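In what follows, a single structure is set out as structure tokens and then discussed.
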Amino acid sequence: KPFQGQYAGPNDAAILKPLNHSWKGIAVSCGMNPNYGKIDPYWMAASAIDEAIRNNLAVGGQRIAILDNFVWGNPEKPERLGSLVKACEACYDVAVAFKTPFISGKDSLYNESPLGPITPTLLITAVGVVPDIRLAVSMDTKESGNLIYVIGNTNHELGGSEYYKLKGYLGNSVPKLNAVQARKTYYAFTKTISKGVIKACHDISEGGLAVAAAEMTLASNLGMEIDLKKLPVNAVKRNDFALFSESNSRFLVEVTQKDKETFEKIMKGKICTQIGKVTKNPNLTIRGLNGSTVVDAPVA
């Protein structure tokens, strides 16, 4: 469904069950961020593919294939064509790196008016097989006392972010995908879902870690405590940058105490750290890089 949890939080992907005699399902997800394209169309396309795949994996999708949907300006103008070529190069590079074939797609070109061209936009749709929909994962937190982990590194990458947009800036530090590292992490992560140790999962994308955590609490009306000192970061020295960076290939996941050992064993060698826990008190509390409280907000 498009919303999950008792209080309707935004999902990462929808799951269909097409066959009456089988528990197999199909996960459908998307990835898109036109703001990145204003900075670098190559990394915009790479991020869109990663987000679509990540959203699919978050609910239990495997054997993923992808589709592209380009909306661009007039390709007869050099700068429009140049950005389109860079986006296509990223599609090739990332699809090969992830081994996710493009099985279809479409494009809409010449989208211009006297005011200028449309923002170069690429929507990626991912379709994956869910081996058993009874093991499907939703994004709402499930029980107080459970542990919260973050998977993936947080970098100083806020160019094109929702945070900069709210502040009136675009920036230039667009998220850059490390597809080789991400693929290894995704294989391990898929094993944790197959083992049934992931109780909730939300991909970290628009709005960064803070928004992902807030959405998980909103969906369940349970609280969450997070310590940014435990967050795997690279050259991030400000609380707001740690909270709202939109680095690729990251998940926020909930694991029970009894599954902690199994989860950590499977994820060994990957960037994966326990940064907090689910609380019964419906409050989102985040301690900053220096230990002081930087967010203290009731879920209501």
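Scheme for the structure tokens: letters A, B, ... for chains in order shown; per-chain residue numbers from 1; ligand numbers from 1 in order shown.
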At a cut-off of 10 Å, can you tabulate as CSV every residue of range 96-173 of chain A near range 185-204 of chain A together with its closest atom pair and the distance in Å to one decimal, using only C-alpha atoms and ordering rows by chain then number?
```
residue,atom,partner,partner_atom,distance
A:Phe98,CA,A:Tyr186,CA,9.7
A:Val130,CA,A:Ser194,CA,9.9
A:Pro131,CA,A:Ser194,CA,8.7
A:Asp132,CA,A:Ser194,CA,8.8
A:Arg134,CA,A:Gly196,CA,9.8
A:Leu135,CA,A:Gly196,CA,6.4
A:Ala136,CA,A:Ile193,CA,8.1
A:Val137,CA,A:Ala200,CA,5.8
A:Ser138,CA,A:Ala200,CA,5.5
A:Met139,CA,A:Cys201,CA,4.8
A:Asp140,CA,A:Ala200,CA,5.9
A:Thr141,CA,A:Ala200,CA,5.6
A:Lys142,CA,A:Lys199,CA,6.7
A:Glu143,CA,A:Lys199,CA,8.9
A:Asn146,CA,A:Lys199,CA,8.9
A:Leu147,CA,A:Lys199,CA,9.8
A:Ile148,CA,A:Ala200,CA,9.3
A:Tyr149,CA,A:Cys201,CA,9.6
A:Val150,CA,A:Ile204,CA,9.1
A:Ile151,CA,A:Thr185,CA,8.3
A:Gly152,CA,A:Thr185,CA,8.1
```
Preceding selection exported with N, CA and C atoms as a tab-separated table (two decimals), in the first residue's frame:
```tsv
chain	number	residue	atom	x	y	z
A	98	PHE	N	25.43	-2.60	-10.87
A	98	PHE	CA	24.44	-3.26	-10.02
A	98	PHE	C	23.90	-4.55	-10.64
A	130	VAL	N	9.61	-10.49	-4.70
A	130	VAL	CA	9.62	-10.74	-3.26
A	130	VAL	C	9.37	-12.24	-3.09
A	131	PRO	N	10.38	-13.02	-2.66
A	131	PRO	CA	10.23	-14.48	-2.61
A	131	PRO	C	9.07	-14.95	-1.73
A	132	ASP	N	8.81	-14.23	-0.64
A	132	ASP	CA	7.71	-14.60	0.26
A	132	ASP	C	7.16	-13.32	0.86
A	134	ARG	N	5.10	-12.85	3.03
A	134	ARG	CA	4.90	-12.90	4.48
A	134	ARG	C	6.11	-12.38	5.24
A	135	LEU	N	7.26	-12.25	4.53
A	135	LEU	CA	8.46	-11.68	5.13
A	135	LEU	C	8.66	-10.22	4.72
A	136	ALA	N	7.67	-9.64	4.05
A	136	ALA	CA	7.79	-8.26	3.60
A	136	ALA	C	7.98	-7.32	4.79
A	137	VAL	N	8.77	-6.27	4.57
A	137	VAL	CA	9.11	-5.32	5.63
A	137	VAL	C	8.43	-3.98	5.35
A	138	SER	N	7.83	-3.40	6.39
A	138	SER	CA	7.25	-2.07	6.27
A	138	SER	C	8.11	-1.06	7.02
A	139	MET	N	7.82	0.23	6.86
A	139	MET	CA	8.72	1.26	7.39
A	139	MET	C	8.36	1.73	8.80
A	140	ASP	N	7.23	1.33	9.34
A	140	ASP	CA	6.82	1.78	10.67
A	140	ASP	C	7.52	0.98	11.77
A	141	THR	N	8.03	1.66	12.79
A	141	THR	CA	8.66	0.96	13.90
A	141	THR	C	7.63	0.10	14.63
A	142	LYS	N	8.12	-1.01	15.23
A	142	LYS	CA	7.19	-2.02	15.72
A	142	LYS	C	7.07	-2.11	17.25
A	143	GLU	N	8.18	-1.96	17.98
A	143	GLU	CA	8.11	-2.22	19.42
A	143	GLU	C	9.20	-1.46	20.17
A	146	ASN	N	13.42	-2.02	20.83
A	146	ASN	CA	14.16	-2.52	19.67
A	146	ASN	C	15.28	-1.55	19.28
A	147	LEU	N	16.28	-2.09	18.61
A	147	LEU	CA	17.47	-1.30	18.27
A	147	LEU	C	17.33	-0.67	16.89
A	148	ILE	N	17.90	0.52	16.75
A	148	ILE	CA	17.90	1.23	15.47
A	148	ILE	C	19.33	1.27	14.92
A	149	TYR	N	19.49	0.77	13.70
A	149	TYR	CA	20.79	0.78	13.02
A	149	TYR	C	20.71	1.67	11.78
A	150	VAL	N	21.83	2.25	11.43
A	150	VAL	CA	21.94	2.91	10.14
A	150	VAL	C	22.94	2.11	9.30
A	151	ILE	N	22.56	1.87	8.06
A	151	ILE	CA	23.43	1.17	7.11
A	151	ILE	C	23.90	2.19	6.07
A	152	GLY	N	25.21	2.26	5.87
A	152	GLY	CA	25.76	3.19	4.89
A	152	GLY	C	26.40	4.41	5.54
```
- Mind checking which residues fall within 8 Å of Glu246 in chain A, counting only C-alpha atoms, ignoring those fewer than 4 positions away in the same chain, and posting them as a PyMOL selection string? chain A and resi 154+157-158+161+175+204-209
- For Lys270 in chain A, which residue among A:Lys165, A:Lys184, A:Lys77, A:Lys106 is the nearest when counting only C-alpha atoms?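 Of the candidates, the smallest distance to Lys270 in chain A is held by A:Lys184.
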- Query: Counting only C-alpha atoms, what is within 10 Å of Asn153 in chain A, bar same-chain residues fewer than 2 positions away, as a list in words?
  - Reply: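 The residues satisfying every condition are Val150, Ile151, Asn155, Leu231, Pro232, Val233, Asn234, Ser247, Asn248, Ser249, Arg250, Phe251, Lys270, Ile271, Cys272 and Thr273 of chain A.
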Can I get the selected residues back with N, CA, C and O atoms, as a compact mmCIF listing (two decimals), in the first residue's frame?
```txt
# COMPACT_ATOMS: atom_id res chain seq x y z
N VAL A 150 21.83 2.25 11.43
CA VAL A 150 21.94 2.91 10.14
C VAL A 150 22.94 2.11 9.30
O VAL A 150 23.98 1.69 9.79
N ILE A 151 22.56 1.87 8.06
CA ILE A 151 23.43 1.17 7.11
C ILE A 151 23.90 2.19 6.07
O ILE A 151 23.09 2.90 5.49
N ASN A 155 27.95 11.32 4.17
CA ASN A 155 28.99 12.24 3.71
C ASN A 155 28.46 13.68 3.68
O ASN A 155 27.26 13.92 3.83
N LEU A 231 26.93 7.79 14.51
CA LEU A 231 26.62 7.76 13.08
C LEU A 231 27.90 7.66 12.26
O LEU A 231 28.83 8.43 12.47
N PRO A 232 27.99 6.68 11.33
CA PRO A 232 29.17 6.62 10.45
C PRO A 232 29.19 7.83 9.52
O PRO A 232 28.31 7.97 8.66
N VAL A 233 30.16 8.73 9.70
CA VAL A 233 30.23 9.95 8.90
C VAL A 233 31.60 10.09 8.27
O VAL A 233 32.58 9.53 8.72
N ASN A 234 31.64 10.88 7.20
CA ASN A 234 32.88 11.18 6.51
C ASN A 234 32.92 12.69 6.24
O ASN A 234 32.15 13.19 5.44
N SER A 247 23.19 11.52 1.34
CA SER A 247 24.09 10.52 0.77
C SER A 247 23.34 9.26 0.37
O SER A 247 22.37 8.85 1.03
N ASN A 248 23.80 8.63 -0.70
CA ASN A 248 23.13 7.44 -1.25
C ASN A 248 23.38 6.18 -0.41
O ASN A 248 24.20 6.17 0.50
N SER A 249 22.64 5.14 -0.76
CA SER A 249 22.89 3.76 -0.30
C SER A 249 22.75 3.59 1.21
O SER A 249 23.45 2.79 1.82
N ARG A 250 21.81 4.31 1.82
CA ARG A 250 21.62 4.22 3.27
C ARG A 250 20.22 3.74 3.64
O ARG A 250 19.24 4.06 2.97
N PHE A 251 20.15 2.98 4.73
CA PHE A 251 18.89 2.53 5.31
C PHE A 251 18.88 2.83 6.80
O PHE A 251 19.93 2.84 7.45
N LYS A 270 30.56 -4.46 6.67
CA LYS A 270 29.83 -3.41 5.96
C LYS A 270 29.68 -2.20 6.87
O LYS A 270 29.80 -2.31 8.09
N ILE A 271 29.41 -1.04 6.29
CA ILE A 271 29.19 0.16 7.11
C ILE A 271 27.81 0.07 7.73
O ILE A 271 26.78 0.27 7.07
N CYS A 272 27.76 -0.29 9.01
CA CYS A 272 26.49 -0.55 9.69
C CYS A 272 26.71 -0.35 11.19
O CYS A 272 27.55 -1.03 11.78
N THR A 273 25.96 0.58 11.79
CA THR A 273 26.19 0.93 13.19
C THR A 273 24.87 1.12 13.92
O THR A 273 23.92 1.69 13.37
```
- Item | Non-local contacts of Glu112 in chain A (7 Å; only C-alpha atoms; under 4 positions in same chain excluded) as a list in words | Gly73, Asn74, Gly116, Pro117 and Ile118 of chain A
Keeping only N, CA and C atoms, write those residues as a JSON list (two decimals), in the first residue's frame.
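And here's again-v8.json as it stands now:
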```json
[["chain", "number", "residue", "atom", "x", "y", "z"],
["A", 73, "GLY", "N", 14.58, 18.87, -22.05],
["A", 73, "GLY", "CA", 14.36, 19.98, -22.98],
["A", 73, "GLY", "C", 14.69, 19.59, -24.41],
["A", 74, "ASN", "N", 14.99, 20.58, -25.20],
["A", 74, "ASN", "CA", 15.26, 20.38, -26.63],
["A", 74, "ASN", "C", 16.66, 19.81, -26.83],
["A", 116, "GLY", "N", 11.92, 28.99, -20.98],
["A", 116, "GLY", "CA", 13.09, 28.14, -20.90],
["A", 116, "GLY", "C", 12.73, 26.66, -20.84],
["A", 117, "PRO", "N", 13.73, 25.80, -20.65],
["A", 117, "PRO", "CA", 13.50, 24.35, -20.64],
["A", 117, "PRO", "C", 13.03, 23.86, -19.28],
["A", 118, "ILE", "N", 12.38, 22.70, -19.28],
["A", 118, "ILE", "CA", 12.03, 22.02, -18.03],
["A", 118, "ILE", "C", 13.33, 21.58, -17.34]]
```
- Message: For the strand (DSSP E) assignment from backbone DSSP, which residues of range 171-298 of chain A qualify? Please present them as a count of residues only.
- Response: 35
- Message: Can you tell me, as an NGL selection string, which residues in range 89-287 of chain A count as alpha helix (DSSP H) by DSSP?
- Response: :A and (89-98 or 162-167 or 179-194 or 208-220 or 239-244 or 260-266)
- Message: Applying 12 Å and only C-alpha atoms, which residues near Phe3 in chain A remain after dropping the ones on its own chain fewer than 6 positions away? List them as a list in words.
- Response: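 Close residues of Phe3 in chain A: Gly9, Pro10, Asn11, Asp12, Ala13, Ala14, Ile15, Ser138, Met139, Asp140, Glu215, Met216, Leu218, Ala219 and Ser220 of chain A.
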Got time to write the residues from that selection, N, CA and C atoms, as a JSON list (two decimals), in the first residue's frame?
```json
[["chain", "number", "residue", "atom", "x", "y", "z"],
["A", 9, "GLY", "N", 2.35, 6.03, 7.51],
["A", 9, "GLY", "CA", 3.61, 6.63, 7.07],
["A", 9, "GLY", "C", 3.87, 6.31, 5.61],
["A", 10, "PRO", "N", 4.70, 7.12, 4.93],
["A", 10, "PRO", "CA", 4.96, 6.91, 3.49],
["A", 10, "PRO", "C", 5.85, 5.69, 3.25],
["A", 11, "ASN", "N", 5.40, 4.79, 2.38],
["A", 11, "ASN", "CA", 6.16, 3.55, 2.16],
["A", 11, "ASN", "C", 7.36, 3.78, 1.24],
["A", 12, "ASP", "N", 8.19, 2.75, 1.13],
["A", 12, "ASP", "CA", 9.32, 2.78, 0.19],
["A", 12, "ASP", "C", 8.96, 2.12, -1.13],
["A", 13, "ALA", "N", 8.09, 1.11, -1.07],
["A", 13, "ALA", "CA", 7.67, 0.40, -2.29],
["A", 13, "ALA", "C", 6.33, -0.26, -2.02],
["A", 14, "ALA", "N", 5.61, -0.53, -3.09],
["A", 14, "ALA", "CA", 4.34, -1.27, -2.99],
["A", 14, "ALA", "C", 4.58, -2.71, -3.43],
["A", 15, "ILE", "N", 3.86, -3.65, -2.80],
["A", 15, "ILE", "CA", 4.01, -5.06, -3.14],
["A", 15, "ILE", "C", 2.68, -5.60, -3.66],
["A", 138, "SER", "N", 7.83, -3.40, 6.39],
["A", 138, "SER", "CA", 7.25, -2.07, 6.27],
["A", 138, "SER", "C", 8.11, -1.06, 7.02],
["A", 139, "MET", "N", 7.82, 0.23, 6.86],
["A", 139, "MET", "CA", 8.72, 1.26, 7.39],
["A", 139, "MET", "C", 8.36, 1.73, 8.80],
["A", 140, "ASP", "N", 7.23, 1.33, 9.34],
["A", 140, "ASP", "CA", 6.82, 1.78, 10.67],
["A", 140, "ASP", "C", 7.52, 0.98, 11.77],
["A", 215, "GLU", "N", 9.63, 10.01, 9.97],
["A", 215, "GLU", "CA", 8.56, 9.29, 9.26],
["A", 215, "GLU", "C", 8.30, 7.93, 9.90],
["A", 216, "MET", "N", 9.34, 7.26, 10.36],
["A", 216, "MET", "CA", 9.17, 5.95, 11.01],
["A", 216, "MET", "C", 8.38, 6.10, 12.32],
["A", 218, "LEU", "N", 6.31, 8.67, 13.03],
["A", 218, "LEU", "CA", 4.96, 9.14, 12.69],
["A", 218, "LEU", "C", 4.04, 7.96, 12.30],
["A", 219, "ALA", "N", 4.62, 6.97, 11.65],
["A", 219, "ALA", "CA", 3.81, 5.84, 11.17],
["A", 219, "ALA", "C", 3.34, 4.94, 12.31],
["A", 220, "SER", "N", 4.08, 4.94, 13.41],
["A", 220, "SER", "CA", 3.78, 3.99, 14.50],
["A", 220, "SER", "C", 3.32, 4.65, 15.79]]
```
- Which of these, A:Gly168, A:Lys176, A:Leu109, A:Leu19, has the shortest distance to Met44 in chain A once you count only C-alpha atoms? A:Lys176
- Residues at most 12 Å from Ser292 in chain A, counting only C-alpha atoms, excluding those fewer than 4 positions away in the same chain, as a list of chain:residue names?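 Near Ser292 in chain A, the qualifying residues are A:Ile226, A:Asp227, A:Leu228, A:Lys229, A:Asn239, A:Thr285, A:Ile286, A:Arg287, A:Gly288, A:Asp296.
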Please write the residues from the selection above to a file, keeping N, CA, C and O atoms, as an mmCIF file, in the first residue's frame.
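Full text of result-v2.cif as output:
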```cif
data_model
loop_
_atom_site.group_PDB
_atom_site.id
_atom_site.type_symbol
_atom_site.label_atom_id
_atom_site.label_comp_id
_atom_site.auth_asym_id
_atom_site.auth_seq_id
_atom_site.Cartn_x
_atom_site.Cartn_y
_atom_site.Cartn_z
ATOM 1 N N ILE A 226 18.176 8.781 19.066
ATOM 2 C CA ILE A 226 19.307 8.624 18.147
ATOM 3 C C ILE A 226 20.485 9.428 18.666
ATOM 4 O O ILE A 226 20.319 10.541 19.175
ATOM 5 N N ASP A 227 21.683 8.860 18.535
ATOM 6 C CA ASP A 227 22.916 9.523 18.948
ATOM 7 C C ASP A 227 23.800 9.717 17.719
ATOM 8 O O ASP A 227 24.326 8.747 17.159
ATOM 9 N N LEU A 228 23.964 10.964 17.289
ATOM 10 C CA LEU A 228 24.742 11.241 16.078
ATOM 11 C C LEU A 228 26.225 10.926 16.243
ATOM 12 O O LEU A 228 26.945 10.753 15.254
ATOM 13 N N LYS A 229 26.719 10.840 17.476
ATOM 14 C CA LYS A 229 28.124 10.484 17.692
ATOM 15 C C LYS A 229 28.414 9.071 17.192
ATOM 16 O O LYS A 229 29.561 8.738 16.878
ATOM 17 N N ASN A 239 25.916 19.309 13.025
ATOM 18 C CA ASN A 239 24.729 18.507 13.315
ATOM 19 C C ASN A 239 23.711 18.558 12.179
ATOM 20 O O ASN A 239 23.144 17.532 11.801
ATOM 21 N N THR A 285 14.003 12.056 19.875
ATOM 22 C CA THR A 285 15.105 12.714 20.563
ATOM 23 C C THR A 285 16.412 12.377 19.854
ATOM 24 O O THR A 285 16.737 11.203 19.668
ATOM 25 N N ILE A 286 17.140 13.407 19.447
ATOM 26 C CA ILE A 286 18.412 13.214 18.752
ATOM 27 C C ILE A 286 19.502 14.005 19.463
ATOM 28 O O ILE A 286 19.370 15.222 19.648
ATOM 29 N N ARG A 287 20.549 13.299 19.865
ATOM 30 C CA ARG A 287 21.714 13.947 20.466
ATOM 31 C C ARG A 287 22.748 14.212 19.382
ATOM 32 O O ARG A 287 22.996 13.367 18.524
ATOM 33 N N GLY A 288 23.371 15.387 19.452
ATOM 34 C CA GLY A 288 24.264 15.841 18.407
ATOM 35 C C GLY A 288 25.660 15.258 18.481
ATOM 36 O O GLY A 288 25.976 14.428 19.339
ATOM 37 N N ASP A 296 14.258 17.492 19.965
ATOM 38 C CA ASP A 296 13.432 16.967 21.044
ATOM 39 C C ASP A 296 11.985 17.305 20.710
ATOM 40 O O ASP A 296 11.480 18.339 21.113
#
```
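CA of Ala95 in chain A sits 29.1 Å away from CA of Leu243 in chain A.
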- Item | Contacts of Ala45 in chain A at 7 Å (only C-alpha atoms; same-chain gap of 2+ positions) as an MDAnalysis selection string | chainID A and resid 41:43 47:49 87 90:91 122
Just-selected residues, N, CA and C atoms written as a short mmCIF file (atom, residue, chain, number, x, y, z; two decimals), in the first residue's frame:
```cif
data_model
loop_
_atom_site.label_atom_id
_atom_site.label_comp_id
_atom_site.auth_asym_id
_atom_site.auth_seq_id
_atom_site.Cartn_x
_atom_site.Cartn_y
_atom_site.Cartn_z
N PRO A 41 23.96 16.18 -13.98
CA PRO A 41 23.00 15.18 -14.48
C PRO A 41 23.51 13.74 -14.37
N TYR A 42 24.83 13.56 -14.39
CA TYR A 42 25.37 12.20 -14.25
C TYR A 42 25.02 11.64 -12.88
N TRP A 43 25.35 12.39 -11.83
CA TRP A 43 25.10 11.90 -10.47
C TRP A 43 23.61 11.93 -10.13
N SER A 47 21.95 8.58 -8.74
CA SER A 47 21.18 8.61 -7.48
C SER A 47 19.77 8.08 -7.67
N ALA A 48 19.16 8.39 -8.80
CA ALA A 48 17.80 7.92 -9.07
C ALA A 48 17.76 6.39 -9.15
N ILE A 49 18.74 5.81 -9.81
CA ILE A 49 18.80 4.35 -9.91
C ILE A 49 19.02 3.73 -8.54
N ALA A 87 23.51 11.83 -18.40
CA ALA A 87 22.54 11.02 -17.66
C ALA A 87 22.49 9.60 -18.22
N ALA A 90 25.44 7.58 -17.07
CA ALA A 90 25.25 7.10 -15.70
C ALA A 90 24.32 5.90 -15.67
N CYS A 91 23.28 5.93 -16.48
CA CYS A 91 22.36 4.79 -16.55
C CYS A 91 23.12 3.52 -16.93
N LEU A 122 14.83 12.63 -14.49
CA LEU A 122 14.84 11.19 -14.78
C LEU A 122 14.15 10.45 -13.65
#
```
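Taking CA of Ile26 in chain A and CA of Thr100 in chain A as the two end points, the separation is 15.5 Å.
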- With distances taken over only C-alpha atoms, which of A:Thr217, A:Ser245, A:Thr279, A:Asn178 is nearest to Gly5 in chain A? A:Thr217
- Item | Proximity to Pro101 in chain A - best of A:Val85, A:Val255, A:Ile53, A:Leu123, only C-alpha atoms |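 Looking at the shortest contact to Pro101 in chain A, the residue is A:Ile53.
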- Which is closer to Ala58 in chain A than all the others in A:Cys88, A:Leu252, A:Ile124, A:Met224, using only C-alpha atoms?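 That would be A:Leu252, the residue with the smallest distance to Ala58 in chain A.
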- Atomic separation - CA of Phe263 in chain A relative to CA of Gly223 in chain A, Å: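 Computing the Euclidean distance for CA of Gly223 in chain A and CA of Phe263 in chain A yields 22.2 Å.
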